[in-house]
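Visitor: The structure's right below; bear with me while I get my questions together.
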Amino acid sequence: MTELAEAPAEGRDGAVTRIPHWIGGKRVDGTSGRSGPVYNPATGTQSGAVDLASVEEIDAAVRNAAEAWETWRTVSLAKRAELFFRIRELFHAHREDLAKLLTAEHGKVLSDAMGEVARGLEVIEYACGIPTLIKGEFSEQASTGIDVYSIRQPLGVVAGITPFNFPAMVPMWMWAPAVACGNCFLLKPSEKDPSASLLTAELLKEAGLPDGVFNVVHGDKVAVDALLEHPGVAAVSFVGSTPIARYIYETGTKHGKRVQALGGAKNHMIVLPDADVEMAADAAVSAGYGSAGERCMAVSVLVAVGDVADPLVEAIKQRLPKVKVGDGMQPDSEMGPLVTREHRDKVASYIASGSDQGAKIVADGRETAPDGDGFFLGVSLLDNVTTEMDAYRDEIFGPVLSVVRAASYDEAIGLVNDNPYGNGVALFTRDGGVARQFQFDVAAGMVGINVPIPVPVAYYSFGGWKASLFGDSHAYGPESIHFYTRGKVVTSRWPDPATSKVDLGFPQTR
Ligand code: NAD
């Protein structure tokens with residue numbers, strides 16, 4: 001977590017914006033006396049100071065949301081759908097405003113930020129179909145004169161705790177289905193880039209969402225623990241790193257909550273000898289270095305099978321000098337800075353450790369980072385990486401691509417299946433039969449066949465296997481409707497004096 005600053009923060013450049021909470025339909029200044037610094041990663045200067053909530057502030061926010069829920073749960077599906085169409089229009093109209101906030105605090109280039117908003121919008125569009133999505137089933141005459149039907153009802157107040165790398169889209173994965181299902185939502189965004197959550201709140205209010213249905217509480221472990229322990233929070237969705245995901249799942253379930261916790265990743269892209277090398281090289285560069293490698297679906301390990309390795313490494317090497325690293329607001333930048341100085345330095349340490357442990361540095365991002373105080377690192381390529389090296393074992397979450405050379409398909413898939421993570425994986429080949437076998441054999445939640453970042457469309461659900469997901473439920477799509485509601489089955493009979501009698505036996509169908 002980021003180092004804490006005293007509140008109110010005095011910015012080094014004198015232009016530090018206070019970033020408050022959003023509770024009950026308005027901005028609410030924090031009262032804990034604690035705040036965290038927010039940086040512009042492209043310049044390295046502090047741009048904001050985000051309020052960090054206390055246990056008491058979380059309690060007040062939960063109570064406020066619980067009050068709002070009493071009304072929100074009664075709002076008809078027709079009105080909710082109509083509201084979501086308005087939300088869709090407003091977010092679409094303000095997509096560039098949202099994207100600019102992402103670039104300013106996360107660092108990703110503006111075109112990538114626009115892509116993030118576009119993918120999030122798909123989830124809002126999915127939520128517009130809530131009347132169809134939440135439909136139950138009806139069995140007429142299940143027994144003589146008796147009908148049985150199922151309904152799904154909202155849980156109440158639910159919370160979302162989100163990571164720094166998708167400050168708009170990942171919250172959309174959560175709040176859109178949760179609110180459409182009739183819940184009130186508390187978002188605890190990353191304290192590294194919290195401003196997009198406030199614009200989200202303002203747009204939702206403008207669209208007509210009643211006060212208290214969507215709330216933002218900023219904070220660190222204090223706020224997260226308060227949400228996990230609060231009896232008024234029915235469910236928690238989390239996306240972030242694996243150690244915290246595990247903690248969230250264990251603590252939340254211990255306190256009786258429904259929890260879905262999506263964790264970290266180490267995504268492999270396997271390239272078979274028959275693959276199109278140029279296409280695979282384009283894909284590896286795009287998926288390895290896009291958003292400076294700060295995507296949970298970024299390709300981190302390239303598994304080159306057999307004699308494809310040399311031409312593939314060469315094709316990637318040719319492309320690297322052309323990747324333009326710079327301030328994400330500049331239209332010609334293709335890759336921005338990393339989110340914080342500490343994270344940049346940690347990522348850079350894997351280039352050094354890779355080299356010390358025997359990998360070959362084909363491209364060294366420490367030498368090609370733009371000058372200045374921004375948290376920049378150029379693109380790095382490590383060849384001859386082995387499974388014992390730190391660069392292979394850890395989730396680096398930066399623009400460092402490791403090439404592991406494998407002798408066979410079996411060895412390559414063995415690497416993926418033995419890896420503790422199981423988020424995404426990709427196979428590049430021209431052989432349909434091998435691809436089909438691969439999708440059957442591979443132990444990962446999201447599989448790409450000649451697609452390097454297989455993030456599914458909004459009407460499928462998103463989630464990994466193994467240490468990339470704790471809990472049973474994937475994010476967005478049909479599983480989210482299930483996650484944010486609970487089932488009720490009604491067995492009903494209307495009074496009919498002709499069939500009424502006393503019967504102490506166990507009810508049987510007739
Ligand atoms: P993180 O785990 O550090 O933080 C995520 C959230 O947890 C933040 O809101 C943060 O405030 C909170 N948090 C951090 N430390 C905490 C603690 N000790 N106790 C309680 N709460 C705590 O993750 P990050 O660095 O913000 O994001 C990057 C990570 O997220 C990567 O590991 C990436 O793979 C993962 N991620 C996964 C997916 C996915 O779909 N599986 C998607 C995006 C990001």
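By convention here, the chains of the structure tokens are called A, B, ... in the order presented, each chain's residues are numbered starting at 1, and ligands are numbered starting at 1 in the order presented.
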Identify, counting only C-alpha atoms and all ligand atoms, the protein, DNA and RNA residues located within 7 Å of ligand 1, and give them as a ChimeraX atom specification.

Guide: /A:1,161-166,188-191,219-221,224-225,239-242,244-245,262-265,295-296,395,397,423,463-464,468-469

Visitor: For C-alpha atoms, I'd like the residues from the last selection saved as a short mmCIF file (atom, residue, chain, number, x, y, z; two decimals), in the first residue's frame.

Guide:
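The result, written out as result31.cif:
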data_model
loop_
_atom_site.label_atom_id
_atom_site.label_comp_id
_atom_site.auth_asym_id
_atom_site.auth_seq_id
_atom_site.Cartn_x
_atom_site.Cartn_y
_atom_site.Cartn_z
CA MET A 1 0.00 0.00 0.00
CA ILE A 161 -12.62 -3.48 -3.26
CA THR A 162 -10.65 -2.77 -6.40
CA PRO A 163 -7.04 -2.61 -7.68
CA PHE A 164 -5.09 0.29 -9.15
CA ASN A 165 -4.71 -1.08 -12.65
CA PHE A 166 -8.29 -0.65 -13.91
CA LYS A 188 -13.44 1.02 -1.90
CA PRO A 189 -11.20 1.91 -4.84
CA SER A 190 -7.42 1.73 -4.94
CA GLU A 191 -5.94 4.59 -2.99
CA GLY A 219 -9.14 3.88 2.44
CA ASP A 220 -6.47 1.38 3.23
CA LYS A 221 -6.42 -1.76 5.35
CA VAL A 224 -11.08 -2.83 4.11
CA ASP A 225 -11.09 -4.62 7.45
CA VAL A 239 -9.95 -7.80 -7.39
CA GLY A 240 -6.26 -7.40 -6.59
CA SER A 241 -3.12 -9.34 -5.76
CA THR A 242 -3.21 -12.96 -4.62
CA ILE A 244 -4.71 -9.88 -0.37
CA ALA A 245 -7.36 -11.84 -2.31
CA LEU A 262 -9.96 -12.40 -7.94
CA GLY A 263 -6.18 -12.51 -7.49
CA GLY A 264 -2.94 -12.12 -9.39
CA ALA A 265 -1.62 -13.85 -12.46
CA ARG A 295 -2.76 -5.86 -16.59
CA CYS A 296 -3.83 -9.02 -14.83
CA GLU A 395 4.05 -11.78 -10.78
CA PHE A 397 3.30 -6.66 -13.17
CA ASN A 423 -5.79 -16.55 -14.80
CA GLY A 463 -12.22 -15.23 -13.65
CA GLY A 464 -9.19 -17.41 -13.17
CA SER A 468 -6.07 -16.37 -9.31
CA LEU A 469 -9.52 -16.76 -7.74
#

Visitor: Which polymer residues have any atom within 10 Å of an atom of Phe438 (chain A), counting only C-alpha atoms, with same-chain residues fewer than 6 positions away left out, as a list in words?

Guide: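 My reading of the contact set: Tyr409, Asp410, Ile413, Ala426, Leu427, Gly432, Val447 and Ile449 of chain A.
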
Visitor: If you count only C-alpha atoms, which residues fall within 7 Å of region 40-50 of chain A, apart from same-chain ones fewer than 4 positions away, as an mmCIF file with N, CA, C and O atoms, in the first residue's frame?

Guide:
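Okay, around-v3.cif is ready:
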data_model
loop_
_atom_site.group_PDB
_atom_site.id
_atom_site.type_symbol
_atom_site.label_atom_id
_atom_site.label_comp_id
_atom_site.auth_asym_id
_atom_site.auth_seq_id
_atom_site.Cartn_x
_atom_site.Cartn_y
_atom_site.Cartn_z
ATOM 1 N N ALA A 9 -2.883 17.282 3.009
ATOM 2 C CA ALA A 9 -1.542 17.211 2.440
ATOM 3 C C ALA A 9 -1.159 18.531 1.791
ATOM 4 O O ALA A 9 -1.974 19.192 1.181
ATOM 5 N N GLY A 11 1.041 19.695 -1.150
ATOM 6 C CA GLY A 11 1.740 19.129 -2.286
ATOM 7 C C GLY A 11 3.092 19.785 -2.499
ATOM 8 O O GLY A 11 3.274 20.952 -2.194
ATOM 9 N N ARG A 12 4.013 18.972 -3.018
ATOM 10 C CA ARG A 12 5.340 19.522 -3.286
ATOM 11 C C ARG A 12 5.258 20.606 -4.348
ATOM 12 O O ARG A 12 6.018 21.528 -4.381
ATOM 13 N N ASP A 13 4.294 20.440 -5.262
ATOM 14 C CA ASP A 13 4.151 21.454 -6.309
ATOM 15 C C ASP A 13 3.034 22.446 -5.971
ATOM 16 O O ASP A 13 2.654 23.259 -6.797
ATOM 17 N N ALA A 15 -0.122 22.101 -5.705
ATOM 18 C CA ALA A 15 -1.441 21.932 -6.339
ATOM 19 C C ALA A 15 -1.977 20.541 -6.043
ATOM 20 O O ALA A 15 -2.152 19.729 -6.933
ATOM 21 N N VAL A 16 -2.195 20.310 -4.773
ATOM 22 C CA VAL A 16 -2.681 18.998 -4.367
ATOM 23 C C VAL A 16 -4.186 19.057 -4.120
ATOM 24 O O VAL A 16 -4.657 19.865 -3.326
ATOM 25 N N THR A 17 -4.930 18.208 -4.822
ATOM 26 C CA THR A 17 -6.380 18.202 -4.697
ATOM 27 C C THR A 17 -6.805 17.204 -3.628
ATOM 28 O O THR A 17 -6.319 16.064 -3.618
ATOM 29 N N ARG A 18 -7.714 17.635 -2.788
ATOM 30 C CA ARG A 18 -8.243 16.697 -1.793
ATOM 31 C C ARG A 18 -9.271 15.788 -2.459
ATOM 32 O O ARG A 18 -10.151 16.266 -3.187
ATOM 33 N N ILE A 19 -9.186 14.509 -2.204
ATOM 34 C CA ILE A 19 -10.118 13.549 -2.812
ATOM 35 C C ILE A 19 -10.966 12.939 -1.683
ATOM 36 O O ILE A 19 -10.499 12.082 -0.937
ATOM 37 N N PRO A 20 -12.223 13.413 -1.562
ATOM 38 C CA PRO A 20 -13.064 12.973 -0.435
ATOM 39 C C PRO A 20 -13.864 11.707 -0.765
ATOM 40 O O PRO A 20 -13.782 11.164 -1.865
ATOM 41 N N SER A 35 -4.658 10.666 5.319
ATOM 42 C CA SER A 35 -4.837 10.692 3.864
ATOM 43 C C SER A 35 -3.653 9.991 3.213
ATOM 44 O O SER A 35 -2.630 9.746 3.862
ATOM 45 N N GLY A 36 -3.801 9.664 1.935
ATOM 46 C CA GLY A 36 -2.722 9.019 1.189
ATOM 47 C C GLY A 36 -2.385 9.843 -0.041
ATOM 48 O O GLY A 36 -3.275 10.473 -0.626
ATOM 49 N N ALA A 104 -4.197 10.392 -15.858
ATOM 50 C CA ALA A 104 -3.550 11.334 -14.929
ATOM 51 C C ALA A 104 -3.061 10.653 -13.654
ATOM 52 O O ALA A 104 -2.043 11.048 -13.092
ATOM 53 N N GLU A 105 -3.766 9.616 -13.205
ATOM 54 C CA GLU A 105 -3.380 9.012 -11.919
ATOM 55 C C GLU A 105 -2.771 7.628 -12.060
ATOM 56 O O GLU A 105 -1.965 7.219 -11.229
ATOM 57 N N HIS A 106 -3.169 6.892 -13.095
ATOM 58 C CA HIS A 106 -2.594 5.564 -13.311
ATOM 59 C C HIS A 106 -1.361 5.639 -14.210
ATOM 60 O O HIS A 106 -0.389 4.921 -14.000
ATOM 61 N N GLY A 107 -1.426 6.489 -15.228
ATOM 62 C CA GLY A 107 -0.292 6.638 -16.138
ATOM 63 C C GLY A 107 -0.497 6.000 -17.500
ATOM 64 O O GLY A 107 0.221 6.299 -18.451
ATOM 65 N N GLU A 191 -6.320 3.272 -3.482
ATOM 66 C CA GLU A 191 -5.940 4.594 -2.990
ATOM 67 C C GLU A 191 -4.869 5.228 -3.880
ATOM 68 O O GLU A 191 -4.511 6.386 -3.683
ATOM 69 N N ASP A 327 4.743 10.130 -21.686
ATOM 70 C CA ASP A 327 3.568 10.632 -20.956
ATOM 71 C C ASP A 327 2.295 10.165 -21.669
ATOM 72 O O ASP A 327 2.134 10.387 -22.873
ATOM 73 N N PRO A 337 4.138 5.426 -17.921
ATOM 74 C CA PRO A 337 4.956 5.071 -16.766
ATOM 75 C C PRO A 337 4.279 3.994 -15.921
ATOM 76 O O PRO A 337 3.124 3.644 -16.166
ATOM 77 N N LEU A 338 4.993 3.517 -14.906
ATOM 78 C CA LEU A 338 4.370 2.624 -13.930
ATOM 79 C C LEU A 338 3.676 3.465 -12.859
ATOM 80 O O LEU A 338 3.859 4.684 -12.815
ATOM 81 N N VAL A 339 2.894 2.803 -12.028
ATOM 82 C CA VAL A 339 1.976 3.576 -11.179
ATOM 83 C C VAL A 339 2.679 4.355 -10.073
ATOM 84 O O VAL A 339 2.271 5.463 -9.734
ATOM 85 N N THR A 340 3.724 3.779 -9.474
ATOM 86 C CA THR A 340 4.466 4.489 -8.422
ATOM 87 C C THR A 340 5.966 4.257 -8.617
ATOM 88 O O THR A 340 6.380 3.323 -9.316
ATOM 89 N N ASP A 373 11.453 12.869 -13.826
ATOM 90 C CA ASP A 373 11.086 12.294 -12.534
ATOM 91 C C ASP A 373 9.910 11.335 -12.619
ATOM 92 O O ASP A 373 9.446 10.809 -11.601
ATOM 93 N N GLY A 374 9.366 11.130 -13.841
ATOM 94 C CA GLY A 374 8.247 10.195 -14.008
ATOM 95 C C GLY A 374 8.699 8.774 -13.678
ATOM 96 O O GLY A 374 9.888 8.459 -13.703
ATOM 97 N N PHE A 375 7.693 7.913 -13.407
ATOM 98 C CA PHE A 375 8.007 6.540 -12.961
ATOM 99 C C PHE A 375 8.157 5.619 -14.176
ATOM 100 O O PHE A 375 7.465 4.602 -14.291
#

Visitor: Out of A:Val313, A:Val271, A:Ile361, A:Val325, which residue has the shortest atom-to-atom distance to Gly448 (chain A) when counting only C-alpha atoms?

Guide: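 Looking at the shortest contact to Gly448 (chain A), the residue is A:Val271.
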
Visitor: Write out as an mmCIF file with C-alpha atoms, in the first residue's frame each polymer residue whose atoms come within 9 Å of Leu272 (chain A), counting only C-alpha atoms; drop sequence neighbours fewer than 6 positions from it.

Guide:
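Result saved to selection-v3.cif:
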data_model
loop_
_atom_site.group_PDB
_atom_site.id
_atom_site.type_symbol
_atom_site.label_atom_id
_atom_site.label_comp_id
_atom_site.auth_asym_id
_atom_site.auth_seq_id
_atom_site.Cartn_x
_atom_site.Cartn_y
_atom_site.Cartn_z
ATOM 1 C CA VAL A 303 6.897 -20.268 -23.954
ATOM 2 C CA ALA A 304 8.699 -20.863 -27.238
ATOM 3 C CA VAL A 305 8.420 -24.495 -28.301
ATOM 4 C CA GLY A 306 11.183 -26.119 -30.335
ATOM 5 C CA ASP A 307 12.835 -24.256 -33.168
ATOM 6 C CA VAL A 308 10.407 -21.311 -33.139
ATOM 7 C CA SER A 408 7.645 -29.956 -26.664
ATOM 8 C CA TYR A 409 3.950 -29.103 -26.363
ATOM 9 C CA LEU A 427 -1.733 -20.728 -27.520
ATOM 10 C CA PHE A 428 -0.435 -19.717 -30.922
ATOM 11 C CA THR A 429 -0.651 -22.426 -33.560
ATOM 12 C CA ARG A 430 -2.175 -23.220 -36.947
#

Visitor: From region 216-328 of chain A, collect each residue whose DSSP state is strand (DSSP E or B) and return the set as a ChimeraX atom specification.

Guide: /A:216,235-239,258-262,267-271,299-305,325

Visitor: Output N, CA and C atoms of each residue in that selection to a file, as a compact mmCIF listing (two decimals), in the first residue's frame.

Guide:
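Okay, part-v4.txt is ready:
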# COMPACT_ATOMS: atom_id res chain seq x y z
N VAL A 216 -18.80 5.80 -2.37
CA VAL A 216 -17.35 5.58 -2.46
C VAL A 216 -16.74 5.85 -1.09
N ALA A 235 -22.08 -8.96 1.08
CA ALA A 235 -21.18 -9.63 0.15
C ALA A 235 -20.03 -8.70 -0.22
N VAL A 236 -18.90 -9.30 -0.55
CA VAL A 236 -17.72 -8.52 -0.93
C VAL A 236 -17.15 -9.08 -2.23
N SER A 237 -16.94 -8.17 -3.18
CA SER A 237 -16.22 -8.53 -4.40
C SER A 237 -14.85 -7.88 -4.30
N PHE A 238 -13.84 -8.63 -4.65
CA PHE A 238 -12.47 -8.09 -4.58
C PHE A 238 -11.73 -8.45 -5.85
N VAL A 239 -10.92 -7.51 -6.32
CA VAL A 239 -9.95 -7.80 -7.39
C VAL A 239 -8.64 -7.17 -6.96
N ARG A 258 -20.76 -13.50 1.66
CA ARG A 258 -20.49 -14.11 0.36
C ARG A 258 -19.29 -13.35 -0.22
N VAL A 259 -18.26 -14.06 -0.68
CA VAL A 259 -17.06 -13.37 -1.16
C VAL A 259 -16.59 -13.97 -2.48
N GLN A 260 -16.25 -13.09 -3.41
CA GLN A 260 -15.54 -13.49 -4.62
C GLN A 260 -14.26 -12.65 -4.64
N ALA A 261 -13.10 -13.28 -4.74
CA ALA A 261 -11.84 -12.54 -4.66
C ALA A 261 -10.93 -12.98 -5.79
N LEU A 262 -10.79 -12.10 -6.78
CA LEU A 262 -9.96 -12.40 -7.94
C LEU A 262 -8.53 -11.94 -7.64
N ASN A 267 0.62 -15.02 -16.65
CA ASN A 267 0.01 -15.56 -17.86
C ASN A 267 1.07 -16.00 -18.87
N HIS A 268 0.91 -17.23 -19.35
CA HIS A 268 1.83 -17.80 -20.33
C HIS A 268 1.22 -17.71 -21.72
N MET A 269 2.07 -17.44 -22.68
CA MET A 269 1.65 -17.51 -24.09
C MET A 269 2.57 -18.55 -24.75
N ILE A 270 1.95 -19.64 -25.18
CA ILE A 270 2.72 -20.72 -25.78
C ILE A 270 2.73 -20.53 -27.31
N VAL A 271 3.91 -20.60 -27.89
CA VAL A 271 4.01 -20.48 -29.34
C VAL A 271 4.58 -21.79 -29.89
N VAL A 299 0.58 -10.74 -20.91
CA VAL A 299 1.43 -11.91 -21.08
C VAL A 299 2.75 -11.62 -20.38
N SER A 300 3.15 -12.53 -19.51
CA SER A 300 4.36 -12.35 -18.73
C SER A 300 5.44 -13.35 -19.14
N VAL A 301 4.98 -14.53 -19.57
CA VAL A 301 5.92 -15.59 -19.96
C VAL A 301 5.58 -16.04 -21.38
N LEU A 302 6.61 -16.02 -22.21
CA LEU A 302 6.44 -16.51 -23.57
C LEU A 302 7.10 -17.89 -23.62
N VAL A 303 6.32 -18.93 -23.90
CA VAL A 303 6.90 -20.27 -23.95
C VAL A 303 7.11 -20.61 -25.43
N ALA A 304 8.36 -20.61 -25.84
CA ALA A 304 8.70 -20.86 -27.24
C ALA A 304 9.04 -22.34 -27.38
N VAL A 305 8.25 -23.04 -28.19
CA VAL A 305 8.42 -24.49 -28.30
C VAL A 305 9.29 -24.84 -29.52
N VAL A 325 7.71 5.08 -25.52
CA VAL A 325 7.40 5.22 -24.09
C VAL A 325 7.34 6.70 -23.75

Visitor: Got a sec to tell me which of region 71-244 of chain A DSSP assigns to helix (DSSP H, G or I), as number ranges by chain?

Guide: A: 71-72, 77-93, 95-106, 110-127, 130-133, 169-180, 195-207, 221-229, 242-244
